[in-house]
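Read through the structure below, which is laid out as structure tokens, and then see the notes.
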Amino acid sequence: MITTSIKLIAVPDEACLIERLDLRVLMSKTLKIEERLKKGVNPDDEQRRYHILCDRIEYLGNFMSMNESIQSLELGVEYFELLLQMQTCFPDESRSARVLANFCPWSKITEQIGLFENLVKRAGVSDRKEVQEKIRFYRHAEKNKLHVLELQEQLIDEDEVATNEDGLVSKFLSIPVSDKITSSKDVNSFIALRNQINTVITDLGKGIQTGVNFSDLAHNVITEILREFVYQGGRPMYLPVIYADGSKARPFPIRCLKFRNEKHKTLSSHPILNVGMMSGRHHEMDEMVKVYFFRNQEISIGKTAAESDEAAYVRAKEIFQKLRSEGIYRIAFFQTGFQPAVIGFYRALTEELLKREKSAPGLEVTPYYYFGEEYEEGKIWI
Amino acid sequence: MPSTEHLLKGIELFEQHVKDYDSLFRKRNKLPKNFDWRPYRWCSRDIVFSLLVVKHNRKGNYLEVDVCLMSNPPQYIENSGARVALGFLLSESYKCGGSMEIVFTPNVEGGRVPAYICDLAIEIGVKLKNVFEGHITPFEARQLYLGLAGFSHAAKEKIMRMAVDNSISPERVCFLIMGGVWSLPEAESIILGSRHPERLLLSASEPEDRHLYLSDLRVAGSAILGGVLDRKLLRTELFEGGQIVESEDEESPLVIEFDSVYFAKIYQADTELMIPWIDENKMLSSGHRMVVLVRARSDGEIKKYFLNDLESLKKLIAKYRKDATTMVFYLVPRDFEDVSLNFQSQIISQLKKEGVYLMLAPDSIASLDKEAIRRLETGRRTRQ
């Protein structure tokens with residue numbers, strides 16, 4: 001079985017240049033890409049460049065490690081397992097502490113090892129031998145102005161793995177999966193989506209892994225039925241969301257808001273702002289609206305529907321947060337049928353309204369469904 | 001077997017769907033959506049295995065089947081038409097993001113699960129409970145999919161373990177094979193030959209998580225290197241119109257197994273096969289075995305790890321060469337050619353001493369990496 005082991009090497013500044021390749025330049029370029037990746041612009045191209053640069057850093061590192069004067073430390077297979085464990089429990093912190101990166105220039109060692117120490121404490125692994133050794137190695141590099149590279153080796157672990165686990169088949173068969181049949185009677189789309197969500201809620205209660213598939217459904221159906229569940233009484237919960245391309249989006253909060261007519265009355269004297277959902281899609285809508293909520297370019301970046309949903313959700317959250325400090329907004333939301341943007345928008349709206357629940361009403365959204373030449377008014381979200 | 005009446009009605013309906021499809025999509029140069037009726041004809045040369053018309057039912061979130069006709073050509077394995085049809089239906093159901101429930105309309109044998117599919121379910125050992133209602137439930141679909149994918153007992157156990165641990169769904173593993181992202185032997189190498197196969201099969205690592213990504217890339221590269229050899233051995237050439245052409249549908253009868261302890265592949269042929277990428281002309285005789293230690297290593301790694309690999313080869317010989325006809329090979333990428341000539345000859349002579357043949361793949365580590373990246377990317381766009 002293939003296993004992965006990690007080895008550290010410490011490189012002095014004067015050993016960084018090999019033929020025309022300069023480790024310092026490679027590291028600096030790679031760090032810049034890491035910054036650009038955080039912004040999410042052209043991630044595919046940036047990731048490709050990142051891979052090439054990391055490859056070169058590793059090539060140089062392997063070459064340098066043959067030099068006996070270069071200090072090195074074998075952290076072994078268990079350290080890699082530890083990294084995996086940390087990444088699973090603290091994905092964001094692991095990335096910001098760069099624990100999965102293969103290099104650390106001297107200028108970043110103090111910051112990086114500090115973050116690493118905090119992370120291992122949180123993960124409860126600070127007393128592990130590999131962790132202690134790594135910290136010592138980095139501190140030594142910090143003191144002696146050395147750059148650190150983390151190199152991988154693929155080893156073959158020849159231990160036999162035990163098979164034939166008792167009772168595995170029955171455990172597998174008892175994983176909750178729906179064994180019921182769905183009625184194939186033709187019902188209208190609103191009832192069908194309501195039924196689907198109710199089935200998913202019931203299945204979730206039984207521990208069945210499931211989700212509501214919003215792809216290919218009309219945007220008015222999605223919005224109206226989601227609203228029904230958001231304002232429904234009962235135990236608040238998150239509804240798993242999937243799309244027809246199979247991607248899984250962030251779950252949608254339901255049964256979490258209370259509709260109060262008095263809120264609507266309070267706001268009724270304020271002017272309404274006509275807002276289109278997304279620019280560059282239906283130009284005939286341009287004259288109806290003052291502004292578009294999303295720029296098409298910002299949202300249609302995902303490779304999967306879930307990624308577009310996430311982009312819309314993150315952007316909508318940013319906008320709502322900004323609106324909070326700007327006063328009262330009554331929005332007539334002229335929407336069209338790009339499902340991931342619709343779900344992302346209403347997820348962010350639900351969370352925003354939830355945040356504002358205890359404060360004076362300041363945000364109201366009325367959907368207007370675009371159907372070619374006509375606009376149909378939906379129910380208010382407040 | 002369906003009645004003649006059902007068959008004729010099914011063919012007529014299929015033709016109608018094809019006409020509708022042509023006028024709605026092909027003539028308008030439009031692509032259908034998942035929820036549109038889409039006709040499919042599954043053939044090999046002039047043999048039709050299955051005619052299917054499917055759509056994703058948005059309201060019920062299941063796959064709806066309006067035509068499901070299958071044949072059992074005698075020159076192919078038992079239930080081959082049903083295998084093709086069911087494999088497609090399950091994969092399509094997964095791809096559309098549905099619940100994995102499959103519903104047959106009244107146009108399919110009067111609204112029941114087709115008889116050939118029932119036969120296949122019995123063969124796989126899955127009991128269908130709603131045959132006459134025309135439904136395959138998600139629970140049944142999961143077992144059918146896993147049975148149909150053809151995993152070895154050990155791989156199936158590992159998949160079940162991963163499903164129980166909730167680390168990856170068996171449907172995704174099956175889809176990656178049926179959808180052509182990984183071949184079955186490649187997937188077996190990943191599942192049995194690595195410590196965290198679920199990460200690779202989920203394409204869970206981003207390039208900026210370098211350690212995890214590189215580790216996945218290396219395992220993927222090893223599986224692909226083995227896969228390149230599989231395809232080379234399986235390839236059948238035909239003599240057609242005075243030219244040698246590669247057969248699209250016929251493969252050499254070859255059993256491929258995987259030894260997870262050494263990351264080695266074991267091949268057993270039912271016919272005589274030319275062994276590729278070695279320095280001499282050697283044939284694998286029918287009924288004989290060859291054992292291949294797969295090592296996707298760069299030139300530096302070959303130098304560094306050769307002695308370890310030699311030890312593994314010695315253990316492999318002890319394990320498999322009880323039968324004297326078994327040949328043992330050491331498969332490395334063509335990066336071997338970048339190793340110094342002196343070291344190359346040392347490797348060759350030590351291998352010869354042990355009776356091991358050096359097998360040089362035409363691919364380099366760089367090309368294996370490129371292919372691994374492509375597959376990880378494809379996996380990332382596939383339903384999780």
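If you're wondering about the labels, chains in the structure tokens are A, B, ... by order shown, residues count from 1 in each chain, ligands from 1 in order shown.
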Can you tell me, as a PyMOL selection string, which residues in stretch 90-332 of chain B count as helix (DSSP H, G or I) by DSSP? chain B and resi 90-95+115-124+138-149+153-164+170-178+184-193+197-201+210-234+299-320
Using only C-alpha atoms, which protein or nucleic acid residues come within 10 Å of A:Val120? Drop anything in the same chain fewer than 2 positions from it, and give the result as a PDB file with C-alpha atoms, in the first residue's frame.
ATOM      1  CA  LEU A  82      -1.765  14.207  11.312  1.00  0.00           C
ATOM      2  CA  LEU A  83      -2.001  16.806   8.561  1.00  0.00           C
ATOM      3  CA  MET A  86      -6.056  18.672  11.036  1.00  0.00           C
ATOM      4  CA  SER A  94      -5.115  24.708   8.168  1.00  0.00           C
ATOM      5  CA  LEU A 115      -0.157  29.725  13.526  1.00  0.00           C
ATOM      6  CA  PHE A 116       0.938  26.089  13.412  1.00  0.00           C
ATOM      7  CA  GLU A 117       1.473  26.029  17.177  1.00  0.00           C
ATOM      8  CA  ASN A 118      -2.003  27.452  17.772  1.00  0.00           C
ATOM      9  CA  ARG A 122      -6.589  23.381  19.156  1.00  0.00           C
ATOM     10  CA  ALA A 123      -6.362  19.986  17.485  1.00  0.00           C
ATOM     11  CA  GLY A 124      -5.005  18.499  20.720  1.00  0.00           C
ATOM     12  CA  VAL A 125      -1.873  17.107  19.047  1.00  0.00           C
ATOM     13  CA  SER A 126       0.736  19.565  20.321  1.00  0.00           C
ATOM     14  CA  ASP A 127       2.516  16.908  22.349  1.00  0.00           C
ATOM     15  CA  ARG A 128       3.041  14.588  19.391  1.00  0.00           C
ATOM     16  CA  VAL A 131       4.863  18.164  15.897  1.00  0.00           C
ATOM     17  CA  GLN A 132       7.470  18.989  18.508  1.00  0.00           C
TER      18      GLN A 132
END
I want to know what sits within 7 Å of B:Ser222, based on only C-alpha atoms, with residues of the same chain fewer than 2 positions away left out; could you give that as a count of residues only? 9
Identify, on the basis of only C-alpha atoms, every residue whose closest approach to B:Arg383 does not exceed 8 Å; exclude the query and any residue fewer than 6 positions from it along the same chain; express the result as a PyMOL selection string. (chain A and resi 245-248) or (chain B and resi 94-95+97+172)
Would you mind listing, for every residue of chain A within 7 Å of chain B, the two atoms forming the shortest contact and the distance between them in Å to one decimal, using only C-alpha atoms, sorted by chain and ascending residue number, as CSV?
residue,atom,partner,partner_atom,distance
A:Met1,CA,B:Gly193,CA,4.4
A:Ile2,CA,B:Ser194,CA,5.0
A:Thr3,CA,B:Arg195,CA,6.5
A:Thr4,CA,B:Ser215,CA,6.5
A:Gln47,CA,B:Pro207,CA,6.0
A:His51,CA,B:Pro207,CA,6.3
A:Leu100,CA,B:Asp209,CA,5.1
A:Ala101,CA,B:Arg210,CA,5.3
A:Asn102,CA,B:Arg210,CA,6.4
A:Ile156,CA,B:Tyr262,CA,6.9
A:Glu158,CA,B:Val261,CA,4.8
A:Asp159,CA,B:Val261,CA,6.4
A:Glu160,CA,B:Val261,CA,5.9
A:Lys171,CA,B:Val164,CA,6.7
A:Phe172,CA,B:Val164,CA,5.7
A:Ile175,CA,B:Val164,CA,6.7
A:Val177,CA,B:Phe139,CA,5.4
A:Ser178,CA,B:Pro138,CA,5.7
A:Asp179,CA,B:Phe139,CA,5.1
A:Lys180,CA,B:Thr137,CA,6.1
A:Ile181,CA,B:Thr137,CA,6.0
A:Thr182,CA,B:Gly60,CA,6.6
A:Ser184,CA,B:Gly60,CA,7.0
A:Ser189,CA,B:Lys59,CA,6.3
A:Ala192,CA,B:Lys59,CA,4.8
A:Leu193,CA,B:Lys59,CA,6.3
A:Gln196,CA,B:Gly60,CA,6.9
A:Asn213,CA,B:Gly97,CA,6.8
A:Asp216,CA,B:Arg58,CA,6.9
A:Leu217,CA,B:Arg58,CA,7.0
A:Ile242,CA,B:Gly97,CA,7.0
A:Tyr243,CA,B:Gly97,CA,5.9
A:Ala244,CA,B:Gly97,CA,4.2
A:Asp245,CA,B:Gly97,CA,6.0
A:Gly246,CA,B:Arg383,CA,3.5
A:Ser247,CA,B:Arg383,CA,5.1
A:Lys248,CA,B:Gln384,CA,6.9
A:Lys303,CA,B:Arg381,CA,6.9
A:Thr304,CA,B:Arg381,CA,6.4
Residue neighbourhood stretch 276-278 of chain B, 7 Å, only C-alpha atoms, exclusion window fewer than 5 positions, as number ranges by chain: B: 357-361
Store the residues of this selection in a file with N, CA, C and O atoms, as a tab-separated table (two decimals), in the first residue's frame.
chain	number	residue	atom	x	y	z
B	357	TYR	N	12.19	-9.07	-15.33
B	357	TYR	CA	12.32	-8.30	-16.57
B	357	TYR	C	12.00	-6.83	-16.31
B	357	TYR	O	11.04	-6.53	-15.60
B	358	LEU	N	12.81	-5.97	-16.88
B	358	LEU	CA	12.53	-4.54	-16.78
B	358	LEU	C	11.49	-4.18	-17.84
B	358	LEU	O	11.65	-4.50	-19.02
B	359	MET	N	10.44	-3.50	-17.42
B	359	MET	CA	9.37	-3.12	-18.35
B	359	MET	C	9.31	-1.59	-18.37
B	359	MET	O	9.00	-0.97	-17.35
B	360	LEU	N	9.60	-1.00	-19.51
B	360	LEU	CA	9.64	0.46	-19.61
B	360	LEU	C	8.39	0.98	-20.31
B	360	LEU	O	8.19	0.76	-21.50
B	361	ALA	N	7.57	1.68	-19.55
B	361	ALA	CA	6.32	2.21	-20.14
B	361	ALA	C	6.66	3.38	-21.07
B	361	ALA	O	7.66	4.07	-20.85
